Amino acid sequence: MNIDGACHCGRVAFEATIDPARVSICHCTDCQTLTGSPFRVTVLTSRDDIRLTGDEPTVYVKTGDNGGRRVQHFCSVCGSPVFTSGDDKGGEWGIRWGAITQRAALRPARQIWCRSAVPWLNDIAELPARSAD
């Protein structure tokens, strides 16, 4: 599937080819901290299948929960997370779901680091739709 996307302000933009079956939810504590939410949604693809069409992202490197070093790629202007990768410049990269224009068509197929999932996640009631008035 061909996708495109960008950070919130549009400076870091990309096009990519992905497999929609490779969308996952991560419940690790790093993803919780980096997003300020209970989990993060990412689609994995080869770095060779991503083409930057805007500015280069800024990177932040940290050792993750699993002991591996992770590179977080984000916009230095608006702060939006766009990609994640390992230490190497190639290999497999994660594209952050919220940066993808076609995200509504990308349903997660698996969940990882579930032992860190917040216990109340499945207990939330759906709120009724509110009118725009």
# chains A, B, ... in the order shown; residues from 1 in each chain; ligands from 1

call {"tool": "residues_around", "arguments": {"residues": "stretch 92-101 of chain A", "least_positions_apart": "4", "cutoff": "7 Å", "atoms": "only C-alpha atoms", "output": "PDB file with N, CA and C atoms, in the first residue's frame"}}
result
ATOM      1  N   ILE A   3       1.470   5.060   0.922  1.00  0.00           N
ATOM      2  CA  ILE A   3       0.977   6.039   1.886  1.00  0.00           C
ATOM      3  C   ILE A   3       1.817   7.303   1.797  1.00  0.00           C
ATOM      4  N   ASP A   4       1.324   8.338   2.419  1.00  0.00           N
ATOM      5  CA  ASP A   4       2.104   9.554   2.599  1.00  0.00           C
ATOM      6  C   ASP A   4       1.719  10.139   3.949  1.00  0.00           C
ATOM      7  N   GLY A   5       2.473  11.122   4.366  1.00  0.00           N
ATOM      8  CA  GLY A   5       2.159  11.735   5.642  1.00  0.00           C
ATOM      9  C   GLY A   5       3.150  12.803   6.011  1.00  0.00           C
ATOM     10  N   ALA A   6       2.962  13.336   7.194  1.00  0.00           N
ATOM     11  CA  ALA A   6       3.811  14.423   7.670  1.00  0.00           C
ATOM     12  C   ALA A   6       3.589  14.632   9.159  1.00  0.00           C
ATOM     13  N   CYS A   7       4.470  15.420   9.730  1.00  0.00           N
ATOM     14  CA  CYS A   7       4.304  15.853  11.115  1.00  0.00           C
ATOM     15  C   CYS A   7       3.138  16.851  11.168  1.00  0.00           C
ATOM     16  N   VAL A  41       0.771   3.477  18.162  1.00  0.00           N
ATOM     17  CA  VAL A  41       0.505   2.647  16.989  1.00  0.00           C
ATOM     18  C   VAL A  41       1.558   2.954  15.934  1.00  0.00           C
ATOM     19  N   THR A  42       2.151   1.898  15.386  1.00  0.00           N
ATOM     20  CA  THR A  42       3.253   2.030  14.432  1.00  0.00           C
ATOM     21  C   THR A  42       3.078   1.008  13.311  1.00  0.00           C
ATOM     22  N   VAL A  43       3.506   1.383  12.114  1.00  0.00           N
ATOM     23  CA  VAL A  43       3.559   0.431  11.006  1.00  0.00           C
ATOM     24  C   VAL A  43       5.021   0.229  10.627  1.00  0.00           C
ATOM     25  N   LEU A  44       5.457  -1.019  10.584  1.00  0.00           N
ATOM     26  CA  LEU A  44       6.846  -1.341  10.276  1.00  0.00           C
ATOM     27  C   LEU A  44       7.041  -1.516   8.777  1.00  0.00           C
ATOM     28  N   THR A  45       8.183  -1.010   8.292  1.00  0.00           N
ATOM     29  CA  THR A  45       8.549  -1.165   6.890  1.00  0.00           C
ATOM     30  C   THR A  45      10.058  -1.002   6.754  1.00  0.00           C
ATOM     31  N   SER A  46      10.576  -1.375   5.626  1.00  0.00           N
ATOM     32  CA  SER A  46      12.008  -1.200   5.363  1.00  0.00           C
ATOM     33  C   SER A  46      12.314   0.278   5.153  1.00  0.00           C
ATOM     34  N   ARG A  47      13.465   0.721   5.638  1.00  0.00           N
ATOM     35  CA  ARG A  47      13.885   2.110   5.405  1.00  0.00           C
ATOM     36  C   ARG A  47      13.937   2.408   3.913  1.00  0.00           C
ATOM     37  N   PRO A  81       6.086  13.051  16.617  1.00  0.00           N
ATOM     38  CA  PRO A  81       6.859  11.856  16.283  1.00  0.00           C
ATOM     39  C   PRO A  81       6.482  11.383  14.886  1.00  0.00           C
ATOM     40  N   VAL A  82       7.488  10.986  14.096  1.00  0.00           N
ATOM     41  CA  VAL A  82       7.227  10.560  12.723  1.00  0.00           C
ATOM     42  C   VAL A  82       7.724   9.138  12.477  1.00  0.00           C
ATOM     43  N   PHE A  83       8.944   8.810  12.939  1.00  0.00           N
ATOM     44  CA  PHE A  83       9.516   7.488  12.715  1.00  0.00           C
ATOM     45  C   PHE A  83      10.215   7.002  13.972  1.00  0.00           C
ATOM     46  N   THR A  84      10.513   5.712  13.992  1.00  0.00           N
ATOM     47  CA  THR A  84      11.415   5.115  14.955  1.00  0.00           C
ATOM     48  C   THR A  84      12.289   4.132  14.193  1.00  0.00           C
ATOM     49  N   SER A  85      13.502   3.925  14.693  1.00  0.00           N
ATOM     50  CA  SER A  85      14.410   2.987  14.028  1.00  0.00           C
ATOM     51  C   SER A  85      15.429   2.484  15.032  1.00  0.00           C
TER      52      SER A  85
END

call {"tool": "select_by_dssp", "arguments": {"residues": "stretch 35-123 of chain A", "states": "strand (DSSP E or B)", "output": "compact mmCIF listing (two decimals) with N, CA, C and O atoms, in the first residue's frame"}}
result
# COMPACT_ATOMS: atom_id res chain seq x y z
N ARG A 40 1.12 3.30 21.69
CA ARG A 40 1.49 3.94 20.43
C ARG A 40 1.22 2.95 19.30
O ARG A 40 1.44 1.76 19.45
N VAL A 41 0.77 3.48 18.16
CA VAL A 41 0.51 2.65 16.99
C VAL A 41 1.56 2.95 15.93
O VAL A 41 1.84 4.12 15.65
N THR A 42 2.15 1.90 15.39
CA THR A 42 3.25 2.03 14.43
C THR A 42 3.08 1.01 13.31
O THR A 42 2.59 -0.09 13.54
N VAL A 43 3.51 1.38 12.11
CA VAL A 43 3.56 0.43 11.01
C VAL A 43 5.02 0.23 10.63
O VAL A 43 5.76 1.20 10.45
N LEU A 44 5.46 -1.02 10.58
CA LEU A 44 6.85 -1.34 10.28
C LEU A 44 7.04 -1.52 8.78
O LEU A 44 6.20 -2.10 8.09
N THR A 45 8.18 -1.01 8.29
CA THR A 45 8.55 -1.16 6.89
C THR A 45 10.06 -1.00 6.75
O THR A 45 10.72 -0.53 7.69
N SER A 46 10.58 -1.37 5.63
CA SER A 46 12.01 -1.20 5.36
C SER A 46 12.31 0.28 5.15
O SER A 46 11.53 1.01 4.55
N ILE A 50 10.82 4.05 2.37
CA ILE A 50 10.40 5.38 2.83
C ILE A 50 11.19 6.43 2.07
O ILE A 50 12.41 6.33 1.94
N ARG A 51 10.48 7.44 1.57
CA ARG A 51 11.15 8.54 0.88
C ARG A 51 10.74 9.85 1.55
O ARG A 51 9.55 10.18 1.61
N LEU A 52 11.72 10.57 2.07
CA LEU A 52 11.44 11.87 2.67
C LEU A 52 11.12 12.86 1.56
O LEU A 52 11.83 12.95 0.57
N THR A 58 14.57 15.50 13.30
CA THR A 58 15.55 15.52 14.37
C THR A 58 15.49 14.16 15.05
O THR A 58 14.43 13.51 15.04
N VAL A 59 16.61 13.69 15.61
CA VAL A 59 16.61 12.38 16.25
C VAL A 59 16.99 12.47 17.72
O VAL A 59 17.72 13.36 18.14
N TYR A 60 16.47 11.52 18.46
CA TYR A 60 16.74 11.34 19.87
C TYR A 60 16.99 9.85 20.07
O TYR A 60 16.21 9.03 19.60
N VAL A 61 18.09 9.48 20.73
CA VAL A 61 18.45 8.08 20.90
C VAL A 61 18.40 7.71 22.38
O VAL A 61 18.93 8.43 23.23
N LYS A 62 17.76 6.57 22.68
CA LYS A 62 17.65 6.10 24.06
C LYS A 62 17.60 4.58 24.06
O LYS A 62 17.10 3.97 23.12
N THR A 63 18.08 3.99 25.12
CA THR A 63 17.96 2.55 25.31
C THR A 63 16.54 2.25 25.78
O THR A 63 16.06 2.85 26.75
N ARG A 69 18.89 -0.05 21.66
CA ARG A 69 18.86 1.39 21.44
C ARG A 69 17.86 1.71 20.35
O ARG A 69 17.84 1.07 19.32
N ARG A 70 17.00 2.70 20.61
CA ARG A 70 15.98 3.12 19.66
C ARG A 70 16.20 4.59 19.31
O ARG A 70 16.52 5.40 20.16
N VAL A 71 16.04 4.87 18.03
CA VAL A 71 16.15 6.24 17.53
C VAL A 71 14.74 6.76 17.29
O VAL A 71 13.97 6.13 16.56
N GLN A 72 14.40 7.86 17.91
CA GLN A 72 13.10 8.51 17.72
C GLN A 72 13.31 9.67 16.76
O GLN A 72 14.15 10.53 16.99
N HIS A 73 12.57 9.69 15.65
CA HIS A 73 12.68 10.73 14.63
C HIS A 73 11.45 11.63 14.77
O HIS A 73 10.32 11.13 14.65
N PHE A 74 11.67 12.91 14.96
CA PHE A 74 10.55 13.82 15.20
C PHE A 74 10.81 15.18 14.57
O PHE A 74 11.93 15.49 14.17
N PRO A 81 6.09 13.05 16.62
CA PRO A 81 6.86 11.86 16.28
C PRO A 81 6.48 11.38 14.89
O PRO A 81 5.31 11.38 14.52
N VAL A 82 7.49 10.99 14.10
CA VAL A 82 7.23 10.56 12.72
C VAL A 82 7.72 9.14 12.48
O VAL A 82 7.01 8.34 11.88
N PHE A 83 8.94 8.81 12.94
CA PHE A 83 9.52 7.49 12.71
C PHE A 83 10.22 7.00 13.97
O PHE A 83 10.55 7.77 14.87
N THR A 84 10.51 5.71 13.99
CA THR A 84 11.41 5.12 14.96
C THR A 84 12.29 4.13 14.19
O THR A 84 11.88 3.60 13.16
N SER A 85 13.50 3.92 14.69
CA SER A 85 14.41 2.99 14.03
C SER A 85 15.43 2.48 15.03
O SER A 85 15.50 2.96 16.16
N GLU A 92 14.86 -1.91 9.39
CA GLU A 92 13.43 -1.73 9.54
C GLU A 92 13.13 -0.47 10.34
O GLU A 92 13.74 -0.21 11.37
N TRP A 93 12.19 0.31 9.84
CA TRP A 93 11.76 1.53 10.52
C TRP A 93 10.29 1.40 10.86
O TRP A 93 9.53 0.69 10.20
N GLY A 94 9.87 2.12 11.89
CA GLY A 94 8.47 2.23 12.23
C GLY A 94 7.97 3.62 11.84
O GLY A 94 8.63 4.61 12.13
N ILE A 95 6.85 3.65 11.16
CA ILE A 95 6.22 4.93 10.84
C ILE A 95 5.10 5.13 11.85
O ILE A 95 4.25 4.25 12.03
N ARG A 96 5.09 6.26 12.50
CA ARG A 96 4.08 6.54 13.51
C ARG A 96 2.73 6.76 12.85
O ARG A 96 2.58 7.58 11.96
N ILE A 100 0.51 9.40 9.42
CA ILE A 100 0.10 8.84 8.13
C ILE A 100 -1.25 9.41 7.70
O ILE A 100 -2.23 9.34 8.46
N ARG A 110 -1.67 -6.54 15.63
CA ARG A 110 -1.10 -7.21 16.81
C ARG A 110 -0.79 -6.16 17.88
O ARG A 110 -0.73 -4.97 17.61
N GLN A 111 -0.56 -6.66 19.10
CA GLN A 111 -0.17 -5.82 20.22
C GLN A 111 1.09 -6.40 20.83
O GLN A 111 1.22 -7.62 20.92
N ILE A 112 1.99 -5.51 21.25
CA ILE A 112 3.24 -5.96 21.87
C ILE A 112 3.43 -5.25 23.21
O ILE A 112 2.80 -4.23 23.47

call {"tool": "closest_residue", "arguments": {"among": "A:Leu121, A:Glu15, A:Pro38, A:Pro57", "to": "A:Cys78", "atoms": "only C-alpha atoms"}}
result
A:Pro57

call {"tool": "atom_distance", "arguments": {"atom1": "atom CA of A:Thr29", "atom2": "atom CA of A:Ala117"}}
result
8.4 Å
